[in-house]
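**Q** So I've got this file, entry-v9.json, and it contains JSON, C-alpha atoms:
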[["chain", "number", "residue", "atom", "x", "y", "z"],
["A", 63, "MET", "CA", 10.82, -3.69, -22.47],
["A", 64, "GLN", "CA", 13.02, -5.69, -20.13],
["A", 65, "GLN", "CA", 12.07, -8.12, -17.38],
["A", 66, "VAL", "CA", 13.43, -7.11, -13.98],
["A", 67, "SER", "CA", 12.10, -9.92, -11.80],
["A", 68, "SER", "CA", 9.56, -12.75, -11.65],
["A", 69, "ASN", "CA", 7.92, -14.53, -8.72],
["A", 70, "LYS", "CA", 5.50, -17.45, -8.83],
["A", 71, "THR", "CA", 2.25, -16.93, -6.93],
["A", 72, "PHE", "CA", -1.13, -18.72, -7.02],
["A", 73, "GLY", "CA", 0.02, -20.76, -10.01],
["A", 74, "GLY", "CA", 0.88, -17.68, -12.05],
["A", 75, "GLN", "CA", 3.69, -15.15, -12.12],
["A", 76, "VAL", "CA", 4.18, -11.60, -10.87],
["A", 77, "VAL", "CA", 6.60, -10.03, -13.32],
["A", 78, "LYS", "CA", 8.21, -6.61, -13.02],
["A", 79, "TYR", "CA", 9.11, -4.90, -16.29],
["A", 80, "GLU", "CA", 11.14, -1.82, -17.12],
["A", 81, "HIS", "CA", 10.83, 0.26, -20.26],
["A", 82, "THR", "CA", 11.70, 3.64, -21.69],
["A", 83, "SER", "CA", 8.63, 5.86, -21.73],
["A", 84, "ALA", "CA", 8.27, 8.34, -24.57],
["A", 85, "GLU", "CA", 5.30, 10.02, -22.87],
["A", 86, "LEU", "CA", 7.12, 10.61, -19.59],
["A", 87, "ALA", "CA", 10.63, 10.97, -21.01],
["A", 88, "CYS", "CA", 12.13, 8.62, -18.42],
["A", 89, "THR", "CA", 12.49, 4.96, -17.50],
["A", 90, "MET", "CA", 9.38, 3.43, -15.93],
["A", 91, "ARG", "CA", 8.56, 0.15, -14.19],
["A", 92, "PHE", "CA", 5.31, -1.72, -13.80],
["A", 93, "ASN", "CA", 4.17, -5.04, -12.37],
["A", 94, "VAL", "CA", 1.95, -7.61, -14.02],
["A", 95, "PHE", "CA", 0.30, -10.65, -12.49],
["A", 96, "LEU", "CA", -0.18, -13.26, -15.21],
["A", 97, "PRO", "CA", -2.44, -16.17, -14.18],
["A", 98, "LYS", "CA", -1.57, -19.66, -15.32],
["A", 99, "GLU", "CA", -4.11, -19.37, -18.15],
["A", 100, "ALA", "CA", -1.78, -16.86, -19.81],
["A", 101, "GLU", "CA", 0.50, -19.79, -20.68],
["A", 102, "GLU", "CA", -2.17, -20.95, -23.13],
["A", 103, "GLY", "CA", -3.18, -17.60, -24.65],
["A", 104, "PRO", "CA", -4.26, -14.00, -24.02],
["A", 105, "VAL", "CA", -6.26, -13.32, -20.86],
["A", 106, "PRO", "CA", -8.40, -10.35, -19.75],
["A", 107, "ALA", "CA", -6.80, -7.81, -17.44],
["A", 108, "ILE", "CA", -7.49, -5.15, -14.83],
["A", 109, "TYR", "CA", -5.36, -2.03, -14.50],
["A", 110, "PHE", "CA", -4.87, -0.87, -10.90],
["A", 111, "LEU", "CA", -3.89, 2.75, -10.32],
["A", 112, "SER", "CA", -2.29, 3.39, -6.94],
["A", 113, "GLY", "CA", -2.50, 6.36, -4.60],
["A", 114, "LEU", "CA", -0.23, 9.09, -3.30],
["A", 115, "THR", "CA", 3.37, 8.07, -2.45],
["A", 116, "CYS", "CA", 2.91, 4.59, -3.93],
["A", 117, "THR", "CA", 5.02, 2.83, -6.54],
["A", 118, "GLU", "CA", 4.18, -0.09, -8.80],
["A", 119, "ASP", "CA", 4.78, -2.42, -5.84],
["A", 120, "ASN", "CA", 2.26, -1.42, -3.16],
["A", 121, "PHE", "CA", -0.84, -2.99, -4.66],
["A", 122, "ILE", "CA", 0.93, -6.17, -5.75],
["A", 123, "GLN", "CA", 2.61, -6.70, -2.39],
["A", 124, "LYS", "CA", -0.15, -5.59, 0.01],
["A", 125, "SER", "CA", -3.60, -6.12, -1.51],
["A", 126, "GLY", "CA", -3.79, -9.90, -1.70],
["A", 127, "ALA", "CA", -5.51, -9.44, -5.07],
["A", 128, "MET", "CA", -3.70, -12.27, -6.85],
["A", 129, "ALA", "CA", -5.71, -14.95, -5.04],
["A", 130, "GLU", "CA", -9.01, -13.85, -6.60],
["A", 131, "ALA", "CA", -7.40, -12.84, -9.90],
["A", 132, "ALA", "CA", -5.97, -16.36, -10.19],
["A", 133, "LYS", "CA", -9.39, -17.89, -9.53],
["A", 134, "GLN", "CA", -10.87, -15.74, -12.27],
["A", 135, "GLY", "CA", -7.99, -16.19, -14.74],
["A", 136, "ILE", "CA", -7.50, -12.43, -14.95],
["A", 137, "ALA", "CA", -4.23, -10.50, -15.22],
["A", 138, "LEU", "CA", -3.45, -7.48, -13.06],
["A", 139, "ILE", "CA", -1.41, -4.53, -14.31],
["A", 140, "ALA", "CA", 0.04, -2.11, -11.74],
["A", 141, "PRO", "CA", 1.92, 0.95, -13.05],
["A", 142, "ASP", "CA", 3.83, 3.53, -11.04],
["A", 143, "THR", "CA", 2.19, 6.77, -9.90],
["A", 144, "SER", "CA", 4.50, 9.37, -11.46],
["A", 145, "PRO", "CA", 7.57, 9.72, -13.65],
["A", 146, "ARG", "CA", 10.78, 8.54, -11.97],
["A", 147, "GLY", "CA", 14.41, 9.51, -12.16],
["A", 148, "VAL", "CA", 13.74, 13.08, -13.24],
["A", 149, "THR", "CA", 14.56, 16.20, -11.24],
["A", 150, "ILE", "CA", 12.22, 19.19, -11.29],
["A", 151, "GLU", "CA", 12.45, 21.93, -8.68],
["A", 152, "GLY", "CA", 9.75, 21.28, -6.08],
["A", 153, "ASP", "CA", 8.97, 17.69, -7.11],
["A", 154, "SER", "CA", 10.09, 16.23, -3.78],
["A", 155, "ASP", "CA", 9.15, 19.00, -1.36],
["A", 156, "SER", "CA", 5.95, 17.30, -0.15],
["A", 157, "TRP", "CA", 4.46, 13.83, -0.13],
["A", 158, "ASP", "CA", 1.23, 14.83, -1.90],
["A", 159, "PHE", "CA", 2.70, 16.52, -4.98],
["A", 160, "GLY", "CA", 5.36, 15.70, -7.55],
["A", 161, "THR", "CA", 7.16, 12.38, -7.20],
["A", 162, "GLY", "CA", 4.64, 9.66, -6.38],
["A", 163, "ALA", "CA", 1.75, 12.05, -7.05],
["A", 164, "GLY", "CA", 1.20, 12.35, -10.79],
["A", 165, "PHE", "CA", -2.61, 12.56, -10.43],
["A", 166, "TYR", "CA", -3.19, 10.75, -13.75],
["A", 167, "LEU", "CA", -3.37, 13.94, -15.79],
["A", 168, "ASP", "CA", -1.32, 15.49, -18.59],
["A", 169, "ALA", "CA", 0.38, 18.60, -17.26],
["A", 170, "THR", "CA", 0.13, 21.78, -19.34],
["A", 171, "ASN", "CA", 2.23, 24.05, -17.10],
["A", 172, "PRO", "CA", 5.55, 24.14, -19.02],
["A", 173, "LYS", "CA", 7.52, 23.35, -15.86],
["A", 174, "TRP", "CA", 5.80, 19.95, -15.55],
["A", 175, "ALA", "CA", 4.55, 19.24, -19.08],
["A", 176, "LYS", "CA", 7.56, 17.29, -20.36],
["A", 177, "HIS", "CA", 7.41, 14.52, -17.77],
["A", 178, "TYR", "CA", 4.06, 14.63, -15.97],
["A", 179, "ARG", "CA", 1.83, 12.95, -18.54],
["A", 180, "MET", "CA", 0.40, 10.06, -16.54],
["A", 181, "TYR", "CA", -2.98, 10.23, -18.29],
["A", 182, "ALA", "CA", -1.40, 9.65, -21.70],
["A", 183, "TYR", "CA", 0.93, 7.05, -20.22],
["A", 184, "VAL", "CA", -1.90, 4.97, -18.73],
["A", 185, "THR", "CA", -4.36, 5.33, -21.60],
["A", 186, "LYS", "CA", -2.04, 5.22, -24.62],
["A", 187, "GLU", "CA", 1.55, 4.15, -24.02],
["A", 188, "LEU", "CA", 1.22, 1.47, -21.37],
["A", 189, "PRO", "CA", -1.43, -0.50, -23.32],
["A", 190, "GLN", "CA", 0.96, -0.54, -26.29],
["A", 191, "VAL", "CA", 3.73, -1.89, -24.09],
["A", 192, "VAL", "CA", 1.44, -4.45, -22.46],
["A", 193, "ALA", "CA", 0.38, -5.63, -25.93],
["A", 194, "GLN", "CA", 3.67, -7.58, -26.01],
["A", 195, "LEU", "CA", 2.29, -9.80, -23.22],
["A", 196, "PRO", "CA", -0.43, -12.52, -23.37],
["A", 197, "ILE", "CA", -3.17, -10.02, -22.48],
["A", 198, "ASP", "CA", -6.35, -9.48, -24.49],
["A", 199, "GLY", "CA", -6.40, -5.73, -25.06],
["A", 200, "SER", "CA", -10.08, -5.86, -26.03],
["A", 201, "ARG", "CA", -11.02, -7.12, -22.56],
["A", 202, "VAL", "CA", -9.58, -4.76, -19.96],
["A", 203, "SER", "CA", -11.03, -2.94, -16.96],
["A", 204, "ILE", "CA", -9.65, -0.32, -14.59],
["A", 205, "MET", "CA", -9.71, 0.33, -10.86],
["A", 206, "GLY", "CA", -7.70, 2.28, -8.31],
["A", 207, "HIS", "CA", -7.30, 3.65, -4.79],
["A", 208, "SER", "CA", -7.46, 7.25, -3.55],
["A", 209, "MET", "CA", -5.58, 9.30, -6.17],
["A", 210, "GLY", "CA", -5.71, 6.15, -8.28],
["A", 211, "GLY", "CA", -9.45, 5.83, -7.68],
["A", 212, "HIS", "CA", -9.76, 9.35, -9.08],
["A", 213, "GLY", "CA", -7.60, 8.23, -11.99],
["A", 214, "ALA", "CA", -9.64, 5.10, -12.68],
["A", 215, "LEU", "CA", -12.99, 6.89, -12.60],
["A", 216, "THR", "CA", -11.93, 9.86, -14.74],
["A", 217, "ILE", "CA", -10.06, 7.71, -17.24],
["A", 218, "TYR", "CA", -13.08, 5.45, -17.64],
["A", 219, "LEU", "CA", -15.49, 8.36, -18.05],
["A", 220, "LYS", "CA", -13.27, 9.83, -20.78],
["A", 221, "ASN", "CA", -12.59, 6.48, -22.52],
["A", 222, "ARG", "CA", -15.77, 4.44, -22.07],
["A", 223, "ASP", "CA", -15.16, 2.25, -25.11],
["A", 224, "ALA", "CA", -11.67, 1.24, -23.94],
["A", 225, "TYR", "CA", -12.66, -0.46, -20.66],
["A", 226, "LYS", "CA", -15.33, -3.00, -19.81],
["A", 227, "SER", "CA", -15.81, -1.79, -16.23],
["A", 228, "VAL", "CA", -14.47, 0.47, -13.49],
["A", 229, "SER", "CA", -14.26, 0.48, -9.70],
["A", 230, "ALA", "CA", -12.56, 2.49, -6.97],
["A", 231, "PHE", "CA", -11.45, 2.34, -3.36],
["A", 232, "ALA", "CA", -11.78, 5.66, -1.48],
["A", 233, "PRO", "CA", -11.48, 7.80, -4.62],
["A", 234, "ILE", "CA", -10.71, 11.51, -4.64],
["A", 235, "ALA", "CA", -14.04, 12.09, -6.34],
["A", 236, "ASN", "CA", -14.15, 15.88, -6.59],
["A", 237, "PRO", "CA", -10.52, 17.09, -6.70],
["A", 238, "ILE", "CA", -11.37, 20.59, -7.89],
["A", 239, "ASN", "CA", -12.96, 21.08, -4.46],
["A", 240, "CYS", "CA", -10.42, 19.44, -2.15],
["A", 241, "PRO", "CA", -6.91, 20.44, -0.98],
["A", 242, "TRP", "CA", -5.07, 17.53, -2.64],
["A", 243, "GLY", "CA", -6.67, 18.20, -6.00],
["A", 244, "GLN", "CA", -6.37, 21.96, -5.84],
["A", 245, "LYS", "CA", -2.66, 21.71, -5.02],
["A", 246, "ALA", "CA", -2.04, 19.32, -7.92],
["A", 247, "PHE", "CA", -4.22, 21.04, -10.50],
["A", 248, "SER", "CA", -3.00, 24.56, -9.73],
["A", 249, "ASN", "CA", 0.59, 23.46, -10.31],
["A", 250, "TYR", "CA", 0.31, 20.89, -13.11],
["A", 251, "LEU", "CA", -2.33, 22.64, -15.21],
["A", 252, "ALA", "CA", -1.82, 26.02, -16.86],
["A", 253, "ALA", "CA", -5.43, 27.20, -16.67],
["A", 254, "GLU", "CA", -8.27, 26.61, -14.22],
["A", 255, "ASP", "CA", -10.70, 25.79, -17.02],
["A", 256, "GLU", "CA", -8.67, 22.60, -17.58],
["A", 257, "TRP", "CA", -9.50, 21.25, -14.12],
["A", 258, "PRO", "CA", -13.01, 19.78, -14.75],
["A", 259, "GLN", "CA", -11.74, 17.28, -17.35],
["A", 260, "TYR", "CA", -9.95, 15.48, -14.51],
["A", 261, "ASP", "CA", -12.81, 15.57, -12.00],
["A", 262, "THR", "CA", -15.32, 12.70, -11.69],
["A", 263, "VAL", "CA", -18.12, 14.88, -10.32],
["A", 264, "ALA", "CA", -17.66, 17.39, -13.16],
["A", 265, "LEU", "CA", -17.45, 14.68, -15.84],
["A", 266, "LEU", "CA", -20.74, 13.14, -14.71],
["A", 267, "LYS", "CA", -22.50, 16.31, -15.82],
["A", 268, "ASP", "CA", -21.99, 15.46, -19.50],
["A", 269, "GLY", "CA", -25.14, 13.34, -19.60],
["A", 270, "LYS", "CA", -23.50, 10.54, -21.57],
["A", 271, "PRO", "CA", -24.62, 6.93, -21.00],
["A", 272, "LEU", "CA", -22.35, 5.24, -18.45],
["A", 273, "GLY", "CA", -22.01, 1.99, -20.39],
["A", 274, "THR", "CA", -21.23, -0.19, -17.38],
["A", 275, "THR", "CA", -21.78, -0.54, -13.64],
["A", 276, "VAL", "CA", -19.46, 1.01, -11.07],
["A", 277, "LEU", "CA", -18.41, -0.24, -7.63],
["A", 278, "VAL", "CA", -17.01, 2.22, -5.08],
["A", 279, "ASP", "CA", -15.98, 1.34, -1.53],
["A", 280, "VAL", "CA", -14.97, 3.82, 1.18],
["A", 281, "GLY", "CA", -14.37, 3.31, 4.89],
["A", 282, "THR", "CA", -16.34, 5.29, 7.46],
["A", 283, "ALA", "CA", -13.14, 5.64, 9.55],
["A", 284, "ASP", "CA", -11.14, 7.04, 6.62],
["A", 285, "ASN", "CA", -9.29, 10.09, 7.91],
["A", 286, "PHE", "CA", -9.61, 11.73, 4.50],
["A", 287, "LEU", "CA", -13.32, 11.05, 3.96],
["A", 288, "GLU", "CA", -14.72, 14.52, 4.44],
["A", 289, "ARG", "CA", -11.73, 16.75, 3.62],
["A", 290, "GLU", "CA", -10.36, 15.04, 0.50],
["A", 291, "LEU", "CA", -12.59, 12.31, -0.92],
["A", 292, "LYS", "CA", -15.91, 14.17, -1.26],
["A", 293, "ILE", "CA", -18.04, 11.03, -1.57],
["A", 294, "ASP", "CA", -21.18, 13.02, -0.74],
["A", 295, "ALA", "CA", -20.54, 15.15, -3.83],
["A", 296, "LEU", "CA", -20.09, 11.97, -5.89],
["A", 297, "GLU", "CA", -23.40, 10.57, -4.66],
["A", 298, "ASP", "CA", -25.13, 13.84, -5.51],
["A", 299, "ALA", "CA", -23.59, 13.86, -9.00],
["A", 300, "VAL", "CA", -24.64, 10.26, -9.62],
["A", 301, "ALA", "CA", -28.21, 11.11, -8.58],
["A", 302, "ALA", "CA", -28.24, 14.23, -10.76],
["A", 303, "ALA", "CA", -27.05, 12.14, -13.72],
["A", 304, "ARG", "CA", -29.85, 9.64, -13.04],
["A", 305, "GLN", "CA", -27.34, 6.82, -12.75],
["A", 306, "LYS", "CA", -28.05, 5.58, -9.21],
["A", 307, "ASP", "CA", -28.99, 2.15, -10.55],
["A", 308, "GLN", "CA", -25.56, 1.84, -12.21],
["A", 309, "TRP", "CA", -23.41, 2.90, -9.25],
["A", 310, "THR", "CA", -22.91, 0.91, -6.05],
["A", 311, "ILE", "CA", -21.29, 3.19, -3.46],
["A", 312, "ARG", "CA", -20.66, 1.32, -0.21],
["A", 313, "ARG", "CA", -19.62, 2.91, 3.07],
["A", 314, "GLN", "CA", -17.78, 0.20, 4.97],
["A", 315, "ASP", "CA", -18.18, 0.61, 8.73],
["A", 316, "GLY", "CA", -14.97, 1.17, 10.70],
["A", 317, "TYR", "CA", -12.52, 0.78, 7.79],
["A", 318, "ASP", "CA", -9.80, 3.34, 7.11],
["A", 319, "HIS", "CA", -7.79, 4.41, 4.05],
["A", 320, "SER", "CA", -5.14, 1.68, 4.24],
["A", 321, "TYR", "CA", -4.38, -1.56, 2.45],
["A", 322, "PHE", "CA", -6.07, -3.39, 5.32],
["A", 323, "PHE", "CA", -9.26, -1.89, 3.89],
["A", 324, "ILE", "CA", -8.34, -2.68, 0.29],
["A", 325, "SER", "CA", -7.38, -6.28, 1.04],
["A", 326, "THR", "CA", -10.74, -6.87, 2.75],
["A", 327, "PHE", "CA", -12.81, -5.93, -0.30],
["A", 328, "VAL", "CA", -10.49, -6.45, -3.26],
["A", 329, "ALA", "CA", -12.06, -9.82, -4.11],
["A", 330, "ASP", "CA", -15.43, -8.09, -4.49],
["A", 331, "HIS", "CA", -13.89, -5.67, -6.96],
["A", 332, "ILE", "CA", -12.20, -8.36, -9.03],
["A", 333, "GLN", "CA", -15.47, -10.30, -9.15],
["A", 334, "HIS", "CA", -17.23, -7.11, -10.25],
["A", 335, "HIS", "CA", -14.81, -6.74, -13.14],
["A", 336, "ALA", "CA", -14.87, -10.46, -13.97],
["A", 337, "ARG", "CA", -18.61, -10.29, -14.66],
["A", 338, "HIS", "CA", -17.97, -7.65, -17.31],
["A", 339, "LEU", "CA", -14.73, -9.08, -18.70],
["A", 340, "LYS", "CA", -16.24, -12.51, -19.19],
["A", 341, "ALA", "CA", -19.64, -11.38, -20.49]]
Would it be possible to restate this file's structure as structure tokens?
**A**
Amino acid sequence: MQQVSSNKTFGGQVVKYEHTSAELACTMRFNVFLPKEAEEGPVPAIYFLSGLTCTEDNFIQKSGAMAEAAKQGIALIAPDTSPRGVTIEGDSDSWDFGTGAGFYLDATNPKWAKHYRMYAYVTKELPQVVAQLPIDGSRVSIMGHSMGGHGALTIYLKNRDAYKSVSAFAPIANPINCPWGQKAFSNYLAAEDEWPQYDTVALLKDGKPLGTTVLVDVGTADNFLERELKIDALEDAVAAARQKDQWTIRRQDGYDHSYFFISTFVADHIQHHARHLKA
């Protein structure tokens, strides 16, 4: 792992790192915000998974999250959204598939399987890399936006012992039933019976205890609300799982899908995670 850059902010440092990824078979970059408390010893951390077209920079540069993270003494870890520097036919033909659109799954279609393993990267490899930093790996949470909200929710539901809490901004909650998800899953995954393991609504049917509380925010003026996000289906699944008391799903009046929306409510999400990380 090599340091690419470092910038002081809110008493801490935003550091960009580069490393060779075995899971993705390419060179990857990620950003970390380390609060000043990290100078004295390991601190808790929140992983943030970004949405379609994003890199490791969007959340760090646009969300304003470091202000609240610094107050709470919590690190932020922002990985990229897909493998980089590889060339696969069709990976750059559209903005919602391929480069910048890894969907936080492990591809099984041979065409994509070598490089598109973002699920394994986020859950296995990146934590091993981050272990070199002053971060307490036993106190981590996960959140994300849009495609990354889908990633955060599904990763938590499949790894409940690995994260203290989870939250999401405008998540793609039921990708097996929306165009973005169907496009990704039909290409990345070799068989349709593999789809439900990467779908929050489907995973909630397992009946397992949630183990935490969940915060979800979505804007009522989000252009993707009905077609892609399927928040109604999420609410129905939560009710069917008898978990309504553990989920807070807020519809924020007049807000859209952008980082203006995220920056307005990101402090709430960090506070949500801080309650669990510091418990």
**Q** Skip segment 158-161 of chain A itself and residues of its chain fewer than 2 positions away, then list as a VMD selection string all residues within 10 Å of it, counting only C-alpha atoms.
**A** chain A and resid 113 to 117 143 to 156 163 to 165 174 178 209 241 to 243 245 to 247 249 to 250
**Q** So that each row is one residue of segment 172-276 of chain A with an atom at most 8 Å from segment 71-92 of chain A, can you give its shortest atom pair and the distance in Å to one decimal, using all atoms listed in the file, rows by chain and rising number, as JSON lines?
**A**
{"residue": "A:Lys176", "atom": "CA", "partner": "A:Leu86", "partner_atom": "CA", "distance": 6.7}
{"residue": "A:His177", "atom": "CA", "partner": "A:Leu86", "partner_atom": "CA", "distance": 4.3}
{"residue": "A:Tyr178", "atom": "CA", "partner": "A:Leu86", "partner_atom": "CA", "distance": 6.2}
{"residue": "A:Arg179", "atom": "CA", "partner": "A:Leu86", "partner_atom": "CA", "distance": 5.9}
{"residue": "A:Met180", "atom": "CA", "partner": "A:Leu86", "partner_atom": "CA", "distance": 7.4}
{"residue": "A:Ala182", "atom": "CA", "partner": "A:Glu85", "partner_atom": "CA", "distance": 6.8}
{"residue": "A:Tyr183", "atom": "CA", "partner": "A:Glu85", "partner_atom": "CA", "distance": 5.9}
{"residue": "A:Glu187", "atom": "CA", "partner": "A:Glu85", "partner_atom": "CA", "distance": 7.1}
**Q** Within 10 Å of His212 of chain A, counting all atoms listed in the file, which residues qualify if same-chain residues fewer than 2 places away don't, as an NGL selection string?
**A** :A and (111-113 or 165-166 or 205-210 or 214-218 or 229-237 or 243 or 260-262 or 291)
**Q** Select all residues near (-0.2, -1.0, -7.4) (cut-off 7 Å, inclusive, file coordinates), counting only C-alpha atoms, and output them as a list in words.
**A** Phe110, Leu111, Ser112, Thr117, Glu118, Asp119, Asn120, Phe121, Ile122, Ala140 and Pro141 of chain A
**Q** Would you mind telling me which residue in A:Gly126, A:Pro189, A:Pro97, A:Gly273 lies nearest to Val228 of chain A when using only C-alpha atoms?
**A**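 Selected residue with least distance to Val228 of chain A: A:Gly273.
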**Q** Figure out the distance between atom CA of Leu138 of chain A and atom CA of Val202 of chain A, please, to one decimal in Å.
**A** 9.6 Å
**Q** Measuring atom to atom with all atoms listed in the file, identify which of A:Ser68, A:Gln305, A:Thr275, A:Ser203 is nearest to Ile136 of chain A.
**A** A:Ser203
**Q** Counting only C-alpha atoms, which of A:Leu219, A:Arg313, A:Ala137, A:Pro271 gets nearest to Asp294 of chain A?
**A**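 Distance minimum relative to Asp294 of chain A lands on A:Arg313.
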**Q** Can you work out the spacing between atom CA of Ala127 of chain A and atom CA of Asp330 of chain A in Å, to one decimal?
**A**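 Separation between atom CA of Ala127 of chain A and atom CA of Asp330 of chain A: 10.0 Å.
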